[in-house]
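Take a look at the structure set out below.
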4 protein chains.
Amino acid sequence: MIKAGIVGGTGYTGVELLRLLAMHPAVKLAVITSRGEKGVEVGELFPNLRGRVELAFVEPDDKVLKGCDVVFFATPNGTAMNSAPALLAAGVRVIDLAADFRLRRTEDWEHWYGMPHACPDLLAEAVYGLPEVNRESIRNARLIANPGCYPTAVQLGFLPLLEAGVIDPQSLIADAKSGVSGAGRKAEVGILLGEAGDNFRAYNVPAHRHWPEIRQGLLAVTGGPVDLVFVPHLTPMIRGIHATLYATLTDPDADVQALFERRYAAEPFVDVLPPQSHPETRSVRGANQCRLAVHRPRNGKTVVVLSVIDNLVKGAAGQAVQNMNLMFGLPETTGLEGIALLP
Amino acid sequence: MIKAGIVGGTGYTGVELLRLLAMHPAVKLAVITSRGEKGVEVGELFPNLRGRVELAFVEPDDKVLKGCDVVFFATPNGTAMNSAPALLAAGVRVIDLAADFRLRRTEDWEHWYGMPHACPDLLAEAVYGLPEVNRESIRNARLIANPGCYPTAVQLGFLPLLEAGVIDPQSLIADAKSGVSGAGRKAEVGILLGEAGDNFRAYNVPAHRHWPEIRQGLLAVTGGPVDLVFVPHLTPMIRGIHATLYATLTDPDADVQALFERRYAAEPFVDVLPPQSHPETRSVRGANQCRLAVHRPRNGKTVVVLSVIDNLVKGAAGQAVQNMNLMFGLPETTGLEGIALLP
Amino acid sequence: MIKAGIVGGTGYTGVELLRLLAMHPAVKLAVITSRGEKGVEVGELFPNLRGRVELAFVEPDDKVLKGCDVVFFATPNGTAMNSAPALLAAGVRVIDLAADFRLRRTEDWEHWYGMPHACPDLLAEAVYGLPEVNRESIRNARLIANPGCYPTAVQLGFLPLLEAGVIDPQSLIADAKSGVSGAGRKAEVGILLGEAGDNFRAYNVPAHRHWPEIRQGLLAVTGGPVDLVFVPHLTPMIRGIHATLYATLTDPDADVQALFERRYAAEPFVDVLPPQSHPETRSVRGANQCRLAVHRPRNGKTVVVLSVIDNLVKGAAGQAVQNMNLMFGLPETTGLEGIALLP
Amino acid sequence: MIKAGIVGGTGYTGVELLRLLAMHPAVKLAVITSRGEKGVEVGELFPNLRGRVELAFVEPDDKVLKGCDVVFFATPNGTAMNSAPALLAAGVRVIDLAADFRLRRTEDWEHWYGMPHACPDLLAEAVYGLPEVNRESIRNARLIANPGCYPTAVQLGFLPLLEAGVIDPQSLIADAKSGVSGAGRKAEVGILLGEAGDNFRAYNVPAHRHWPEIRQGLLAVTGGPVDLVFVPHLTPMIRGIHATLYATLTDPDADVQALFERRYAAEPFVDVLPPQSHPETRSVRGANQCRLAVHRPRNGKTVVVLSVIDNLVKGAAGQAVQNMNLMFGLPETTGLEGIALLP
């Protein structure tokens, strides 16, 4: 059994990670820490876990965490980077669900996250945990930067086209819509049911921290310049991201449907729908799955990709477990075969 | 492996049954029938099942169904009663998720469902599939009447009090609230998002078919007269029932909390919360679970019970699988250990 | 023109009051105060008011407020009682939308609101602003305690039965369901869309501050003992209260439908539906209206009343404007004739 | 008083038109027809109108309709074109809220709507009722083609840029999101709360009937080729459209904010937000308003316009009333000054 610890875990990625690990056949949940909820039973904070997770939140204790095989950080940005070095030194694998290790270049990270980075060397070592791109590196990684939710949906949608070189990388638009759980379990007025319910709006159009993360991933494919416009929106639902992607075709004869099907034929968690399809976010609710459809309206110059994930699963906790499975030599799908809840 | 067939299955109890059976370790889904969707892949109608259920809907075919070990009916009322006799004669166990076998007395059934009953003898034989009450009979049953969603939530809430004789059985009020999936996957204006969204209303206050079903179950406990007022409401959510129950205490010294805890101590799927609690429907979303809390406001004469279930799971498909497990000698929780999805 | 000021007004009752007063033909909005939002344009905080309310929030300034004809307090509990005496002394009428003046007896108020009352004499003078009960007193009042949302819905539902003496006042149950705007525009985790969306739960079953307020109103009718059980629930919608009321009939021959129709025949804002009806909260969304239906299931001993209001309108800001109209001799419906928004 | 008739009116544009006309100071509602709901009181079908609209639905009767000053068609496509000629001949003004007169060219109409057009000559005469473009023609029109909801939001967003010639008309992308009321009040499974709730999806990506309508409007501005990709999505809310528009700037020095502010400075129903803003659909809920914001992320080559309307008001019934006001020489804002309902 893999002995797993969670640091943080009082937010939505935390409760989803707990749900997945509690049902994982090869994992023993050893410890979950939270300063704020110290002493509170997990099942009291998250009533779905009553009777299923018998732990209480405890103060972070290095000794206990160092006794784990793997530690997940489900903490705010800027936390994991302070604890990761000691854990890694103790031989613990670390998977950070926040953004501390997502951007390769220290100056980029410090620019977008507004603080000095505590361990730039680890930033360089960390593996970006998108298995569909970095599977082999993940297997051997000590430290995983688990991708953001938007970046997962957007990269999986653009990759087949960029890898095949059939679109202009300077023509990329990602119009993305997220359920409110993507904003976290935080006491903020803007995500109250009274504010975000029965309402639709864009946000952070001038700048969003997932922009450099997406761009970095796309640059790694193209090797050359990438021009990406990224517009996130808040939609009145709880879970789910729908990314609608636009790009200009450079090869008008490209069979984009075939490209997608070939690219993801062997991927257990990416499902390419038949032509003319429209994936629904609910088709992946609670499941570690990305569903994609590709269109070329009126056979024109623009290709449209529709990409859906559950932001808390393939966009966070599920992908973290997928990475853990790879790191520990388990079948990649272990503990991730739950079927989406519909309706 | 248990060879299972499903008749009907294009509605919400159908898709939930498919989800549960597809993940059940001891079941092989052999056939699913639907006249209307004949030839359609299950994964096309229900995109959450793409890649997980490789069947297509077929026309009902007695020969195939008779080759099953168990057949579930997820059909409209009045369907199962026409096919059940032949299947039972062929040695197949039958679990009806509709109402055909729920009322003991033929005249009651015909009164409430407005048609003659096709097999009154089976009505008498059928076992009402509420395991918390009829576990032993279920183990030996050929034919199960799977309880309605409201009746499950309401009966589990009243039972400990009635069995202990501490409330007046002529003082019962069940104020119940259901998500819209309880109304089925039917093209009806009243359950459109544009009608039922951001809206709350009662319905069927003069009469609802679950009233005689609940009353019959309570009468079996009391043996004497039962006076029950049942008011169902539609609440703008998808899954979940919250029943708020009221009764007049006849024993002012009764320790109602202890009564509930004792009654359900050994039940795997009934969870009694600590005093002062308020169960949430989301704490059972997707899970075969009933969570209960009991209150006595201002230490007065009225006891208040709060009971939540997922109407599609403990209120329908999950309970059907629980019954199947019992009928086939499997551990009762097999395939039913999924944790509720929160948020 | 009536010169109106608003103290507070950054919450949901505030924005609704602003909406109604901005469209009121006899009112000039003179000032709106908020320490927290000082300097912010109203239209910036509440984008529906852009171009319609040209004020900015200012710090409370007694001189300006004393120049008003009427001042509304849309503040947290415990605020109005500190400012009301000086305003009243200056000849300003005061309408408090919070709870400072709702309970007659000082000791009750201090018990339920957990603080000493700043002006017990005014507590005694204040008129409870439920026009359907206190219309004449309201006309002459200097100080109005605007009723709570639940108390409005519940009292209007019980009154005809209690006034006619056809129910047992010791048998009252109010099972009430509210949209989340009733909890205010506050940064609290429990009312996030991610928490309260697609979820249903009861809360405060042991004790809720609206219980003594409702009971006080009912006692005023019966003159004798009242036994009321009040169970509030949170339902995943934004606006609306649905109260389902239960009582034991003492007069089995009472024509309850006629009772309701007679009681409210002349009321502009109370609508009694035909027999067998089920009012919907959306039928009053944004409107100063209470819609009622009365049932007697199976002609039994229990009468069931269904009562719906918009908690922010008839349950708060609309009722406040109705009270203002009465106090200033305007037709009671002035500025309150907006039709509910459906769908 | 303008004597107004409504044909159809049992759908969502119908109920919204009834709400607006019932509050309009210069209109007398004379008749509302519906074959299906013949004899039903308006207030019975639409409970928000109880006590406010005292009509019942009647069978269409030419004589009554010909006695009106204006007749609104809130009917399915293909209905108005059969009745309009006779009404116009009788001197009645006609406003069609469906699509019968929206496309200029008969062959386009017949291609997209799949039936022969009953009166191609009127198709040529009809004025496209977008007052911000065709105000003067509307004043003198006998027959108005009231624009579609998406076309209103999209055209108002693109117009300032196209008119100023600062974007490439062959680079246009409209990513549009609609609440479900846009799909009408029809018994269809896909828009059930159980299907469309807590879910997000695109639809009709290959082709949508609003595409030629939008394109026609944009062509009228540019005079030259227009390349438009239009992707509509269904979002789990009731009212509201959010269009996110993308175009390539051809003039990198264009002050796009100033362009928008100038273009709409005199428009009563178009509100340009300050730079860096994100309009919310709820800010126009129930109001005849379009709110716009314009962005240029990272000062790049792509301009992003955010455009919100209430699909039933500025996208349908409100715009129809605005057109009526113009046709009858009333102030354009008469009866349209209701403030949006927030929250």
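By convention in this document, the chains of the structure tokens carry letters A, B, ... by their order, each chain's residues are numbered from 1, and ligands are numbered from 1 in the order they are shown.
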* To do: Might you pull out every residue within 10 Å of segment 205-212 of chain C, with only C-alpha atoms counted and same-chain residues fewer than 3 positions away left off, and present them as an NGL selection string?
  => (:B and (276-278 or 294-299 or 304 or 306)) or (:C and (99 or 102-103 or 108-109 or 111-113 or 147-152 or 174 or 202 or 215-218 or 228-233))
Residues of chain A within 9 Å of chain C: nearest atom pair and distance (Å, one decimal) for each, counting only C-alpha atoms, sorted by chain and number, as a tab-separated table?
residue	atom	partner	partner_atom	distance
A:Tyr12	CA	C:Gly194	CA	8.9
A:Gly179	CA	C:Gly194	CA	8.5
A:Val180	CA	C:Gly194	CA	6.2
A:Ser181	CA	C:Gly194	CA	5.6
A:Gly184	CA	C:Gly194	CA	8.4
A:Arg185	CA	C:Val189	CA	6.8
A:Lys186	CA	C:Val189	CA	6.2
A:Ala187	CA	C:Ala187	CA	4.7
A:Glu188	CA	C:Ala187	CA	4.7
A:Val189	CA	C:Ala187	CA	4.8
A:Gly190	CA	C:Ala187	CA	8.4
A:Ile191	CA	C:Leu192	CA	5.8
A:Leu192	CA	C:Leu192	CA	4.0
A:Leu193	CA	C:Leu193	CA	3.8
A:Gly194	CA	C:Ile238	CA	5.3
A:Glu195	CA	C:Arg185	CA	8.3
A:Ala196	CA	C:Leu193	CA	6.8
A:Gly197	CA	C:Leu193	CA	6.6
A:Asp198	CA	C:Ile238	CA	8.3
A:Pro236	CA	C:Leu193	CA	7.8
A:Met237	CA	C:Leu193	CA	7.7
A:Ile238	CA	C:Gly194	CA	5.3
A:Arg239	CA	C:Gly194	CA	8.3
* Gap from atom CA of Pro160 of chain D to atom CA of Leu259 of chain D - Å, one decimal ->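 Here the two named atoms are 6.3 Å from each other.
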* Give me every alpha helix (DSSP H) residue in segment 18-110 of chain D, going by DSSP on the backbone, as a PyMOL selection string. => chain D and resi 18-23+42-45+62-66+80-89+106-110
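You can rank A:Val313, A:Leu249, A:Ala164, A:Val70 by their closest distance to Val31 of chain A using only C-alpha atoms, and at the top of that list sits A:Val70.
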* To do: Would you please extract all strand (DSSP E) residues from segment 156-277 of chain A, as assigned by DSSP on the backbone, and give them as a list in words?
  =>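 Filtering segment 156-277 of chain A to strand (DSSP E) leaves Leu172, Ile173, Ala174, Asp175, Ala176, Lys177, Ser178, Arg201, Ala202, Leu228, Val229, Phe230, Val231, Pro232, His233, Leu234, Ile241, His242, Ala243, Thr244, Leu245, Tyr246, Ala247, Thr248, Val270, Asp271 and Val272 of chain A.
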* To do: Just give me the gap between atom CA of Val15 of chain D and atom CA of Glu132 of chain C in Å, one decimal is fine.
  =>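 Distance reported for this atom pair: 29.7 Å.
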* To do: Compare D:Leu292, D:Val166, D:Val221, D:Leu87 by their minimum atom-to-atom distance to Asp253 of chain D, counting only C-alpha atoms, and give me the closest one.
  =>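 Of the candidates, the smallest distance to Asp253 of chain D is held by D:Val166.
Our summary of the geometry notes that atom CA of Ser178 of chain B is positioned 29.0 Å from atom CA of Thr13 of chain D.
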* Long-range neighbours of Ala287 of chain D as a PyMOL selection string, 10 Å cut-off, only C-alpha atoms, 5 positions minimum in chain -> (chain C and resi 48) or (chain D and resi 269+282+309-314+318+336-341)
* For Thr222 of chain B: contacts at 10 Å, only C-alpha atoms, fewer than 5 positions along chain excluded, given as an MDAnalysis selection string -> chainID B and resid 159 162:165 168:169 217
* Excluding Thr106 of chain A and residues on its chain fewer than 4 positions from it, collect all residues at most 10 Å away from it, counting only C-alpha atoms, and give them as a PyMOL selection string. => chain A and resi 101+110-111+116-121+123-124
* Between C:Phe57, C:Lys301, C:Ala26, C:Cys290, which has the minimum distance to Asp227 of chain B (counting only C-alpha atoms)? ->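 Among the listed residues, the smallest separation from Asp227 of chain B belongs to C:Lys301.
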* Residues near Ala80 of chain D, cut-off 10 Å, only C-alpha atoms, skip fewer than 2 positions along chain, as a ChimeraX atom specification -> /D:7-8,72-78,82-85,94-101,118
For the residues in that selection, give me N, CA and C atoms as a compact mmCIF listing (two decimals), in the first residue's frame.
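Okay, out_7.txt is ready:
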# COMPACT_ATOMS: atom_id res chain seq x y z
N VAL D 7 -50.60 37.24 -31.39
CA VAL D 7 -50.90 35.93 -31.94
C VAL D 7 -49.85 34.97 -31.40
N GLY D 8 -50.30 33.86 -30.88
CA GLY D 8 -49.39 32.95 -30.20
C GLY D 8 -49.30 33.42 -28.76
N PHE D 72 -48.63 41.64 -32.71
CA PHE D 72 -47.35 40.97 -32.51
C PHE D 72 -47.53 39.48 -32.79
N PHE D 73 -46.60 38.90 -33.51
CA PHE D 73 -46.60 37.44 -33.68
C PHE D 73 -45.52 36.83 -32.80
N ALA D 74 -45.97 36.07 -31.82
CA ALA D 74 -45.03 35.33 -30.96
C ALA D 74 -45.27 33.85 -31.22
N THR D 75 -45.13 33.50 -32.47
CA THR D 75 -45.51 32.18 -32.99
C THR D 75 -44.28 31.44 -33.48
N PRO D 76 -44.41 30.15 -33.76
CA PRO D 76 -43.29 29.43 -34.39
C PRO D 76 -43.00 30.02 -35.78
N ASN D 77 -41.78 29.77 -36.26
CA ASN D 77 -41.42 30.23 -37.60
C ASN D 77 -42.41 29.69 -38.63
N GLY D 78 -42.74 30.50 -39.62
CA GLY D 78 -43.62 30.05 -40.69
C GLY D 78 -45.09 30.34 -40.44
N ASN D 82 -48.09 33.84 -43.10
CA ASN D 82 -49.40 33.51 -43.67
C ASN D 82 -50.48 34.51 -43.30
N SER D 83 -50.32 35.21 -42.19
CA SER D 83 -51.36 36.13 -41.76
C SER D 83 -51.00 37.58 -41.99
N ALA D 84 -49.73 37.87 -42.12
CA ALA D 84 -49.32 39.26 -42.20
C ALA D 84 -49.94 40.02 -43.38
N PRO D 85 -49.99 39.42 -44.57
CA PRO D 85 -50.50 40.20 -45.71
C PRO D 85 -51.90 40.77 -45.47
N VAL D 94 -47.53 45.25 -38.15
CA VAL D 94 -47.19 43.89 -37.74
C VAL D 94 -45.74 43.82 -37.26
N ILE D 95 -45.56 43.22 -36.12
CA ILE D 95 -44.21 42.97 -35.59
C ILE D 95 -44.08 41.48 -35.35
N ASP D 96 -43.17 40.87 -36.11
CA ASP D 96 -43.00 39.42 -36.01
C ASP D 96 -41.78 39.10 -35.15
N LEU D 97 -42.04 38.44 -34.03
CA LEU D 97 -40.92 38.07 -33.15
C LEU D 97 -40.25 36.77 -33.59
N ALA D 98 -40.84 36.09 -34.54
CA ALA D 98 -40.20 34.90 -35.10
C ALA D 98 -39.32 35.33 -36.28
N ALA D 99 -38.92 34.35 -37.08
CA ALA D 99 -37.89 34.63 -38.09
C ALA D 99 -38.43 34.87 -39.49
N ASP D 100 -39.75 34.95 -39.65
CA ASP D 100 -40.31 34.92 -41.01
C ASP D 100 -39.81 36.03 -41.93
N PHE D 101 -39.46 37.16 -41.36
CA PHE D 101 -39.08 38.29 -42.23
C PHE D 101 -37.66 38.79 -41.97
N ALA D 118 -44.20 32.40 -47.89
CA ALA D 118 -45.56 32.68 -48.33
C ALA D 118 -45.71 34.06 -48.97
